[in-house]
>>> print(open('work.cif').read())   # mmCIF, C-alpha atoms
data_entry
#
loop_
_atom_site.label_atom_id
_atom_site.label_comp_id
_atom_site.auth_asym_id
_atom_site.auth_seq_id
_atom_site.Cartn_x
_atom_site.Cartn_y
_atom_site.Cartn_z
CA MET A 215 28.92 -19.60 69.95
CA PHE A 216 26.99 -20.21 73.19
CA ALA A 217 28.41 -16.96 74.57
CA VAL A 218 27.70 -15.06 71.35
CA GLU A 219 24.11 -16.26 71.01
CA ALA A 220 23.33 -15.70 74.69
CA GLN A 221 24.69 -12.16 74.37
CA PHE A 222 22.55 -11.51 71.29
CA ASP A 223 19.41 -12.32 73.28
CA LEU A 224 20.53 -10.11 76.19
CA ILE A 225 21.06 -7.18 73.81
CA ALA A 226 17.71 -7.77 72.11
CA LYS A 227 15.97 -7.82 75.48
CA ALA A 228 17.73 -4.61 76.55
CA LEU A 229 16.51 -2.96 73.33
CA ASN A 230 13.01 -4.40 73.84
CA MET A 231 13.29 -6.15 70.49
CA ASP A 232 12.25 -9.58 69.33
CA PRO A 233 15.40 -11.81 69.12
CA ALA A 234 14.60 -12.80 65.55
CA GLU A 235 14.07 -9.20 64.44
CA PHE A 236 17.33 -8.17 66.10
CA ARG A 237 19.28 -10.90 64.30
CA MET A 238 17.71 -10.09 60.94
CA LEU A 239 18.87 -6.50 61.28
CA ASN A 240 22.44 -7.63 61.91
CA LEU A 241 22.83 -10.45 59.38
CA LEU A 242 24.87 -9.95 56.23
CA ASP A 243 23.17 -9.49 52.88
CA GLN A 244 24.39 -10.59 49.46
CA GLY A 245 27.34 -8.38 48.50
CA ASP A 246 28.24 -7.39 52.08
CA THR A 247 31.81 -7.85 53.29
CA ALA A 248 32.24 -10.10 56.28
CA PRO A 249 33.76 -8.61 59.48
CA THR A 250 37.07 -10.37 58.70
CA GLY A 251 37.19 -8.79 55.24
CA GLN A 252 36.08 -11.83 53.26
CA GLN A 253 33.84 -11.37 50.24
CA TRP A 254 31.64 -14.43 50.06
CA VAL A 255 30.20 -15.54 46.74
CA THR A 256 26.74 -16.25 48.14
CA VAL A 257 25.21 -15.04 51.42
CA ARG A 258 21.98 -16.75 52.45
CA ALA A 259 21.98 -15.95 56.16
CA LYS A 260 18.56 -14.29 56.25
CA GLU A 261 16.96 -16.89 54.02
CA THR A 262 18.27 -19.67 56.26
CA LEU A 263 17.07 -18.03 59.47
CA GLN A 264 13.66 -17.30 57.96
CA ALA A 265 13.23 -20.94 56.97
CA ALA A 266 13.81 -22.03 60.57
CA LEU A 267 11.50 -19.35 61.96
CA ASP A 268 8.72 -20.29 59.57
CA ALA A 269 9.03 -23.98 60.45
CA ILE A 270 8.54 -23.34 64.16
CA ASN A 271 5.83 -20.73 63.52
CA TRP A 272 7.81 -18.09 65.40
CA ASN A 273 5.27 -15.28 65.17
CA GLN A 274 2.54 -17.47 66.70
CA ARG A 275 4.70 -19.25 69.27
CA GLU A 276 3.05 -20.70 72.35
CA GLN A 277 2.99 -18.58 75.48
CA GLY A 278 2.84 -19.71 79.09
CA PRO A 279 4.85 -20.38 82.27
CA GLY A 280 7.92 -22.46 81.65
CA ILE A 281 7.65 -22.32 77.84
CA GLY A 282 10.56 -20.79 75.99
CA TYR A 283 11.93 -20.37 72.48
CA GLY A 284 15.51 -19.75 71.48
CA MET A 285 17.65 -19.52 68.36
CA GLY A 286 21.25 -19.76 67.31
CA MET A 287 23.20 -19.33 64.09
CA TYR A 288 26.52 -20.48 62.71
CA GLU A 289 28.56 -19.94 59.57
CA ARG A 290 31.56 -21.75 58.20
CA GLY A 291 33.34 -22.90 55.11
CA THR A 292 35.58 -25.92 54.80
CA ILE A 293 39.29 -26.05 55.59
CA GLY A 294 42.06 -27.48 53.46
CA GLY A 295 45.37 -28.97 54.52
CA ASP A 296 47.40 -31.83 53.10
CA CYS A 297 45.43 -34.53 51.29
CA SER A 298 46.36 -37.52 49.18
CA ALA A 299 44.87 -40.46 47.31
CA ARG A 300 45.88 -43.24 44.94
CA VAL A 301 43.71 -44.46 42.06
CA ILE A 302 44.36 -47.93 40.63
CA LEU A 303 42.70 -49.08 37.39
CA ASN A 304 42.74 -52.71 36.25
CA SER A 305 42.19 -54.16 32.77
CA ALA A 306 38.49 -54.81 33.47
CA GLY A 307 37.88 -51.11 34.09
CA LYS A 308 37.49 -51.54 37.88
CA ILE A 309 38.88 -48.78 40.06
CA THR A 310 40.37 -49.00 43.55
CA VAL A 311 40.84 -45.76 45.48
CA GLU A 312 43.37 -45.92 48.30
CA VAL A 313 42.84 -43.28 50.99
CA PRO A 314 44.96 -42.42 54.05
CA ILE A 315 42.12 -41.48 56.39
CA PRO A 316 39.65 -43.43 58.52
CA ASP A 317 35.89 -43.15 58.18
CA PRO A 318 34.59 -42.67 61.75
CA GLY A 319 31.03 -42.92 60.47
CA GLN A 320 30.33 -39.77 58.47
CA GLY A 321 30.27 -41.73 55.22
CA THR A 322 33.30 -40.35 53.40
CA TYR A 323 34.16 -43.66 51.75
CA THR A 324 30.67 -44.00 50.31
CA ALA A 325 30.66 -40.39 49.12
CA VAL A 326 34.03 -40.82 47.36
CA GLN A 327 32.79 -44.07 45.81
CA GLN A 328 29.69 -42.26 44.53
CA MET A 329 31.70 -39.36 43.11
CA VAL A 330 34.11 -41.64 41.23
CA ALA A 331 31.25 -43.76 39.87
CA GLU A 332 29.50 -40.60 38.69
CA ALA A 333 32.66 -39.24 37.07
CA ILE A 334 33.25 -42.44 35.06
CA GLU A 335 29.54 -42.95 34.36
CA GLY A 336 29.84 -46.33 36.05
CA GLU A 337 28.28 -48.24 38.92
CA LEU A 338 29.19 -48.30 42.59
CA ASP A 339 30.40 -51.88 42.16
CA ASP A 340 33.03 -50.57 39.75
CA VAL A 341 34.72 -48.64 42.58
CA THR A 342 36.39 -49.98 45.73
CA ILE A 343 37.65 -47.80 48.58
CA ARG A 344 40.66 -49.14 50.47
CA PRO A 345 42.07 -47.37 53.55
CA VAL A 346 45.86 -47.58 53.84
CA SER A 347 48.47 -46.29 56.24
CA THR A 348 50.08 -42.91 55.57
CA SER A 349 53.29 -44.91 55.17
CA ASN A 350 51.75 -45.94 51.83
CA LEU A 351 50.62 -42.44 50.86
CA PRO A 352 51.79 -38.90 51.58
CA PHE A 353 50.64 -37.22 54.77
CA ASP A 354 46.96 -36.30 55.05
CA PHE A 355 45.66 -33.72 57.51
CA GLY A 356 42.99 -36.18 58.68
CA VAL A 357 39.33 -36.10 59.64
CA GLY A 358 38.06 -32.81 61.04
CA GLY A 359 37.27 -29.22 60.17
CA SER A 360 34.32 -30.19 57.92
CA ARG A 361 36.99 -31.03 55.33
CA THR A 362 36.95 -34.74 54.68
CA THR A 363 34.48 -35.20 51.81
CA PHE A 364 35.72 -31.96 50.23
CA THR A 365 39.44 -32.79 50.32
CA MET A 366 39.10 -36.52 49.58
CA GLY A 367 36.65 -35.76 46.78
CA LYS A 368 38.89 -33.11 45.23
CA THR A 369 42.04 -35.23 45.51
CA THR A 370 40.38 -38.32 44.09
CA ILE A 371 38.70 -36.54 41.18
CA ASP A 372 42.00 -34.80 40.35
CA ALA A 373 43.71 -38.21 40.37
CA LEU A 374 40.98 -39.55 38.11
CA ASP A 375 41.60 -36.72 35.64
CA LYS A 376 45.30 -37.64 35.63
CA LEU A 377 44.36 -41.27 35.07
CA LYS A 378 42.27 -40.38 32.03
CA GLY A 379 45.22 -38.47 30.63
CA LYS A 380 47.48 -41.45 31.18
CA LEU A 381 45.02 -43.71 29.34
CA VAL A 382 45.13 -41.43 26.32
CA GLU A 383 48.91 -41.36 26.44
CA LEU A 384 49.21 -45.16 26.64
CA THR A 385 46.69 -45.87 23.88
CA SER A 386 48.05 -43.11 21.62
CA LEU A 387 44.50 -42.16 20.62
CA SER A 388 43.44 -38.67 19.63
CA GLY A 389 40.17 -37.40 20.96
CA GLU A 390 38.54 -36.22 24.16
CA TRP A 391 36.83 -37.54 27.25
CA GLN A 392 33.11 -36.95 27.55
CA GLY A 393 32.38 -38.12 31.09
CA GLY A 394 33.34 -41.78 31.21
CA THR A 395 33.53 -42.18 27.44
CA PHE A 396 36.51 -41.40 25.22
CA VAL A 397 35.48 -40.07 21.80
CA ALA A 398 38.07 -40.55 19.05
CA GLY A 399 36.52 -39.67 15.71
CA GLU A 400 33.82 -42.24 15.08
CA GLN A 401 34.98 -44.40 17.97
CA ARG A 402 33.35 -44.19 21.37
CA LEU A 403 35.34 -46.17 23.91
CA SER A 404 34.22 -46.84 27.47
CA LEU A 405 36.62 -46.57 30.38
CA ALA A 406 36.82 -50.37 30.50
CA GLU A 407 37.75 -50.55 26.82
CA MET A 408 40.41 -47.87 27.28
CA ALA A 409 41.67 -49.69 30.38
CA ALA A 410 41.99 -53.00 28.49
CA LYS A 411 44.14 -51.37 25.80
CA ALA A 412 46.23 -49.30 28.23
CA CYS A 413 46.91 -52.12 30.70
CA VAL A 414 48.31 -54.27 27.88
CA LYS A 415 50.69 -51.44 26.97
CA GLN A 416 51.52 -50.81 30.62
CA GLY A 417 51.95 -54.48 31.44
CA GLY A 418 49.66 -54.34 34.44
CA ASP A 419 47.41 -52.08 36.48
CA ILE A 420 47.63 -48.33 35.96
CA VAL A 421 48.39 -46.40 39.17
CA VAL A 422 48.09 -42.65 39.71
CA ASP A 423 48.98 -40.80 42.94
CA GLU A 424 47.65 -37.39 43.80
CA TYR A 425 48.80 -35.10 46.60
CA ALA A 426 47.67 -31.57 47.30
CA LYS A 427 48.53 -29.05 49.98
CA LEU A 428 45.40 -26.93 50.09
CA PRO A 429 45.40 -23.75 52.20
CA LEU A 430 44.56 -24.80 55.75
CA MET A 431 42.49 -21.68 56.28
CA PRO A 432 41.43 -20.63 52.78
CA GLU A 433 39.87 -17.30 51.99
CA MET A 434 36.55 -19.12 52.09
CA ALA A 435 34.95 -17.35 49.17
CA ASP A 436 32.22 -19.91 49.68
CA THR A 437 30.55 -20.34 53.06
CA ASN A 438 27.38 -21.89 54.43
CA PHE A 439 24.92 -20.78 57.09
CA THR A 440 22.99 -22.67 59.75
CA ALA A 441 19.99 -21.43 61.74
CA GLN A 442 18.45 -23.42 64.60
CA VAL A 443 15.32 -22.68 66.61
CA VAL A 444 14.23 -24.58 69.70
CA LYS A 445 11.08 -24.87 71.78
CA ALA A 446 11.68 -25.95 75.37
CA ARG A 447 9.47 -26.56 78.37
CA VAL A 448 10.93 -26.12 81.86
CA ASP A 449 9.39 -27.62 85.00
CA MET A 450 9.48 -24.57 87.28
CA GLU A 451 9.36 -26.75 90.41
CA THR A 452 12.26 -29.06 89.52
CA GLY A 453 14.26 -27.22 86.85
CA GLN A 454 13.95 -30.16 84.45
CA VAL A 455 14.27 -29.11 80.80
CA LYS A 456 12.35 -30.91 78.07
CA LEU A 457 12.97 -30.11 74.43
CA GLU A 458 9.73 -30.23 72.49
CA GLN A 459 10.87 -29.12 69.06
CA VAL A 460 14.22 -28.61 67.31
CA ILE A 461 14.37 -27.00 63.88
CA SER A 462 17.68 -26.96 62.00
CA ALA A 463 17.91 -25.09 58.68
CA HIS A 464 21.04 -25.43 56.54
CA ASP A 465 22.33 -23.60 53.49
CA VAL A 466 24.09 -26.41 51.61
CA GLY A 467 25.74 -27.28 48.32
CA THR A 468 25.13 -30.45 46.34
CA ILE A 469 24.17 -33.38 48.57
CA ILE A 470 26.15 -36.44 47.52
CA ASN A 471 24.45 -38.97 49.81
CA PRO A 472 21.12 -37.83 51.31
CA VAL A 473 20.96 -40.53 53.99
CA ALA A 474 24.50 -39.95 55.28
CA HIS A 475 24.05 -36.18 54.98
CA LEU A 476 20.93 -36.23 57.16
CA GLY A 477 22.60 -38.66 59.57
CA GLN A 478 25.52 -36.27 59.98
CA LEU A 479 23.19 -33.36 60.70
CA GLU A 480 20.93 -35.21 63.12
CA GLY A 481 23.91 -36.78 64.88
CA GLY A 482 25.36 -33.31 65.36
CA MET A 483 22.08 -32.08 66.80
CA VAL A 484 22.00 -34.88 69.35
CA TYR A 485 25.60 -34.12 70.30
CA GLY A 486 24.68 -30.43 70.73
CA MET A 487 21.77 -31.38 72.99
CA GLY A 488 24.18 -33.30 75.20
CA MET A 489 26.53 -30.32 75.48
CA ALA A 490 23.60 -28.08 76.35
CA LEU A 491 21.73 -30.18 78.88
CA MET A 492 23.63 -33.09 80.41
CA SER A 493 27.16 -33.88 79.24
CA GLY A 494 29.14 -32.20 81.99
CA GLN A 495 32.45 -33.30 83.48
CA LYS A 496 33.12 -32.56 87.16
CA PHE A 497 36.54 -32.74 88.76
CA ASP A 498 37.59 -33.51 92.31
CA GLU A 499 41.07 -32.13 93.06
CA GLY A 500 41.92 -32.39 89.38
CA LYS A 501 40.56 -35.90 88.94
CA PRO A 502 37.54 -36.48 86.65
CA GLU A 503 34.55 -37.92 88.47
CA ALA A 504 33.01 -39.50 85.38
CA LEU A 505 35.30 -42.29 84.24
CA HIS A 506 32.97 -44.06 81.82
CA LEU A 507 29.68 -43.59 79.96
CA GLY A 508 27.76 -44.89 82.95
CA ASP A 509 28.67 -41.64 84.73
CA TYR A 510 28.98 -39.27 81.78
CA LYS A 511 25.44 -38.72 80.49
CA LEU A 512 24.83 -38.74 76.75
CA PRO A 513 21.43 -38.14 75.16
CA ASN A 514 19.42 -41.26 74.44
CA ILE A 515 16.15 -41.76 72.58
CA GLN A 516 14.12 -40.60 75.59
CA ASP A 517 15.91 -37.23 75.53
CA ILE A 518 15.56 -36.54 71.82
CA PRO A 519 12.51 -34.58 70.57
CA PRO A 520 11.20 -34.67 67.01
CA LEU A 521 13.91 -33.24 64.76
CA GLU A 522 13.17 -31.25 61.65
CA THR A 523 15.95 -30.56 59.18
CA ILE A 524 15.48 -28.04 56.38
CA LEU A 525 17.93 -28.09 53.47
CA LEU A 526 18.31 -25.04 51.26
CA GLU A 527 20.34 -26.43 48.36
CA ARG A 528 22.27 -24.39 45.82
CA ASP A 529 24.43 -25.23 42.83
CA GLU A 530 27.57 -23.76 44.38
CA GLY A 531 30.24 -25.32 46.51
CA PRO A 532 34.03 -25.61 46.75
CA GLY A 533 34.23 -29.37 46.13
CA PRO A 534 33.54 -31.70 43.20
CA PHE A 535 29.95 -31.55 41.91
CA ASN A 536 29.58 -28.29 43.91
CA LEU A 537 29.53 -30.02 47.28
CA GLY A 538 30.07 -28.01 50.45
CA PRO A 539 30.81 -28.61 54.16
CA VAL A 540 28.25 -29.92 56.63
CA GLY A 541 30.30 -31.81 59.24
CA GLU A 542 29.98 -29.30 62.08
CA ALA A 543 26.96 -27.40 60.86
CA SER A 544 24.41 -28.72 63.34
CA ASN A 545 26.22 -29.02 66.67
CA VAL A 546 27.90 -25.63 67.14
CA ALA A 547 24.97 -23.20 67.48
CA LEU A 548 22.46 -25.56 69.10
CA PRO A 549 23.66 -25.28 72.72
CA GLY A 550 23.24 -21.51 72.49
CA ALA A 551 19.76 -21.88 71.01
CA ILE A 552 18.76 -24.28 73.81
CA ALA A 553 20.20 -21.98 76.48
CA ASN A 554 18.25 -19.06 75.02
CA ALA A 555 15.07 -21.13 75.07
CA VAL A 556 15.64 -22.00 78.73
CA ALA A 557 16.38 -18.36 79.57
CA ASP A 558 13.18 -17.35 77.79
CA ALA A 559 11.20 -19.96 79.75
CA ILE A 560 12.46 -18.97 83.21
CA GLY A 561 12.96 -15.25 82.61
CA LYS A 562 16.63 -15.34 83.64
CA PRO A 563 19.80 -15.61 81.53
CA ALA A 564 21.91 -18.76 81.49
CA PHE A 565 25.69 -18.29 81.53
CA GLN A 566 26.93 -21.84 82.06
CA LEU A 567 26.46 -25.23 80.43
CA PRO A 568 25.21 -27.91 80.78
CA LEU A 569 21.78 -26.74 81.95
CA THR A 570 21.04 -29.66 84.24
CA ALA A 571 17.87 -29.67 86.32
CA GLU A 572 19.95 -28.77 89.38
CA ARG A 573 21.52 -25.78 87.67
CA VAL A 574 18.25 -24.53 86.18
CA TYR A 575 16.51 -24.94 89.55
CA GLY A 576 19.24 -22.76 91.07
CA LEU A 577 18.66 -20.09 88.40
CA ILE A 578 14.90 -20.13 88.96
CA ASN A 579 15.31 -19.64 92.70
CA SER A 580 18.20 -17.20 92.63
#
>>> encode(input="work.cif", output="structure tokens")
Amino acid sequence: MFAVEAQFDLIAKALNMDPAEFRMLNLLDQGDTAPTGQQWVTVRAKETLQAALDAINWNQREQGPGIGYGMGMYERGTIGGDCSARVILNSAGKITVEVPIPDPGQGTYTAVQQMVAEAIEGELDDVTIRPVSTSNLPFDFGVGGSRTTFTMGKTTIDALDKLKGKLVELTSLSGEWQGGTFVAGEQRLSLAEMAAKACVKQGGDIVVDEYAKLPLMPEMADTNFTAQVVKARVDMETGQVKLEQVISAHDVGTIINPVAHLGQLEGGMVYGMGMALMSGQKFDEGKPEALHLGDYKLPNIQDIPPLETILLERDEGPGPFNLGPVGEASNVALPGAIANAVADAIGKPAFQLPLTAERVYGLINS
């Protein structure tokens, strides 16, 4: 994406066009077919880019030596792959969800807990998430590809639907589920009441396993767009780059957990800043020079400018409750946007990352 976004700015400059205007002319509209032949349900590329441009006041951007603005865009849907889960219901109506994946920090366990609680019209305390080895559950494709909340959510909610069917079978009641309540004529039974009856018949906890082999690379009828715009200031005497403003606009589905969602996006932005400006690995005769985080520079609080995240929600998404992917939305396009801002500030293109002060100084004086 760095190469693509840098090339977009070079073409725009060759055509004597504003980079934003050039991108708007080339973005897909609703109803357009993607270059790979996909027909997406909703296309909000232009709306997403415009939100980012408006937030940074693109048409009245600051001018001056060493001041530059850049942008980058990204699009992706979620991937599938193998996924599995086990739902265990006890006689008190408490649910344990066993999952075969870790939670490295993106908040999947909490999101699954929230989705199950919502589906049964219960409380978070009614649901426990328990990670187990894949020796206890069928193979799962794992964390990655912006898939985890989507696949774990889908698998768990499907298992919950099976569980509700098993409760009806064990209790021999006729009726239908309305959320977390089973309606049988004049009776309205909660999940806990159904569980109490069914567990007696079962002679213990009720266990349901769910396994799905979703297409690893689905047709992605649903996709989401990201647009990021950056303001950078370059010290023309030293080559030092300072980010002054980072705007990240995202076309998203239903947000399950706003705090974790924002944390995922802002964490991705910080990661993208590192790739763009400092996190480089040098080798000496094939041996890495940076052997620990004392030598391999990561962004810290002194490197991070004010971040502004804009969320354009919609009631569409491939997962339960219309959720969509967001895992890699904020880190992929940002290095290209930063490089374009640096190129704009120094008047010369940047073809290599990271843009350390030494490298930028060399570009300025080349």
>>> resolve_selection(input="work.cif", expression="the PyMOL selection byres ((chain A and resi 358-363) around 8)", output="count of residues only")
17
>>> resolve_selection(input="work.cif", expression="the PyMOL selection byres ((chain A and resi 352) around 8)", output="JSON, numbers by chain")
{"A": [297, 298, 348, 349, 350, 351, 353, 354, 425]}
>>> resolve_selection(input="work.cif", expression="the PyMOL selection byres ((chain A and resi 517-525) around 9)", output="PDB file with C-alpha atoms, in the coordinates of the input")
ATOM      1  CA  THR A 262      18.270 -19.670  56.260  1.00  0.00           C
ATOM      2  CA  ALA A 265      13.230 -20.940  56.970  1.00  0.00           C
ATOM      3  CA  ALA A 266      13.810 -22.030  60.570  1.00  0.00           C
ATOM      4  CA  ALA A 269       9.030 -23.980  60.450  1.00  0.00           C
ATOM      5  CA  LYS A 456      12.350 -30.910  78.070  1.00  0.00           C
ATOM      6  CA  LEU A 457      12.970 -30.110  74.430  1.00  0.00           C
ATOM      7  CA  GLU A 458       9.730 -30.230  72.490  1.00  0.00           C
ATOM      8  CA  GLN A 459      10.870 -29.120  69.060  1.00  0.00           C
ATOM      9  CA  VAL A 460      14.220 -28.610  67.310  1.00  0.00           C
ATOM     10  CA  ILE A 461      14.370 -27.000  63.880  1.00  0.00           C
ATOM     11  CA  SER A 462      17.680 -26.960  62.000  1.00  0.00           C
ATOM     12  CA  ALA A 463      17.910 -25.090  58.680  1.00  0.00           C
ATOM     13  CA  HIS A 464      21.040 -25.430  56.540  1.00  0.00           C
ATOM     14  CA  ASP A 465      22.330 -23.600  53.490  1.00  0.00           C
ATOM     15  CA  VAL A 466      24.090 -26.410  51.610  1.00  0.00           C
ATOM     16  CA  LEU A 476      20.930 -36.230  57.160  1.00  0.00           C
ATOM     17  CA  LEU A 479      23.190 -33.360  60.700  1.00  0.00           C
ATOM     18  CA  GLU A 480      20.930 -35.210  63.120  1.00  0.00           C
ATOM     19  CA  MET A 483      22.080 -32.080  66.800  1.00  0.00           C
ATOM     20  CA  VAL A 484      22.000 -34.880  69.350  1.00  0.00           C
ATOM     21  CA  MET A 487      21.770 -31.380  72.990  1.00  0.00           C
ATOM     22  CA  PRO A 513      21.430 -38.140  75.160  1.00  0.00           C
ATOM     23  CA  ASN A 514      19.420 -41.260  74.440  1.00  0.00           C
ATOM     24  CA  ILE A 515      16.150 -41.760  72.580  1.00  0.00           C
ATOM     25  CA  GLN A 516      14.120 -40.600  75.590  1.00  0.00           C
ATOM     26  CA  LEU A 526      18.310 -25.040  51.260  1.00  0.00           C
ATOM     27  CA  GLU A 527      20.340 -26.430  48.360  1.00  0.00           C
TER      28      GLU A 527
END
>>> atom_distance(input="work.cif", atom1="CA of Leu569 in chain A", atom2="CA of Met492 in chain A")
6.8 Å
>>> closest_residue(input="work.cif", among="A:Ala474, A:Ala248, A:Lys427, A:Gly393", to="Thr324 in chain A", atoms="all atoms listed in the file")
A:Ala474
>>> axis_aligned_box(input="work.cif", around="range 235-244 of chain A", padding_each_side="3 Å", output="AutoDock Vina command-line options")
--center_x 19.5 --center_y -8.7 --center_z 57.8 --size_x 16.8 --size_y 10.4 --size_z 22.6
>>> closest_residue(input="work.cif", among="A:Glu289, A:Glu276, A:Glu451, A:Asp558", to="Ala543 in chain A", atoms="only C-alpha atoms")
A:Glu289
>>> residues_around(input="work.cif", residues="Lys376 in chain A", least_positions_apart="6", cutoff="10 Å", atoms="all atoms listed in the file", output="list in words")
Val301, Thr370, Val421, Val422, Asp423 and Glu424 of chain A
>>> write_last_selection(input="work.cif", atoms="C-alpha atoms", output="compact mmCIF listing (two decimals), in the coordinates of the input")
# COMPACT_ATOMS: atom_id res chain seq x y z
CA VAL A 301 43.71 -44.46 42.06
CA THR A 370 40.38 -38.32 44.09
CA VAL A 421 48.39 -46.40 39.17
CA VAL A 422 48.09 -42.65 39.71
CA ASP A 423 48.98 -40.80 42.94
CA GLU A 424 47.65 -37.39 43.80
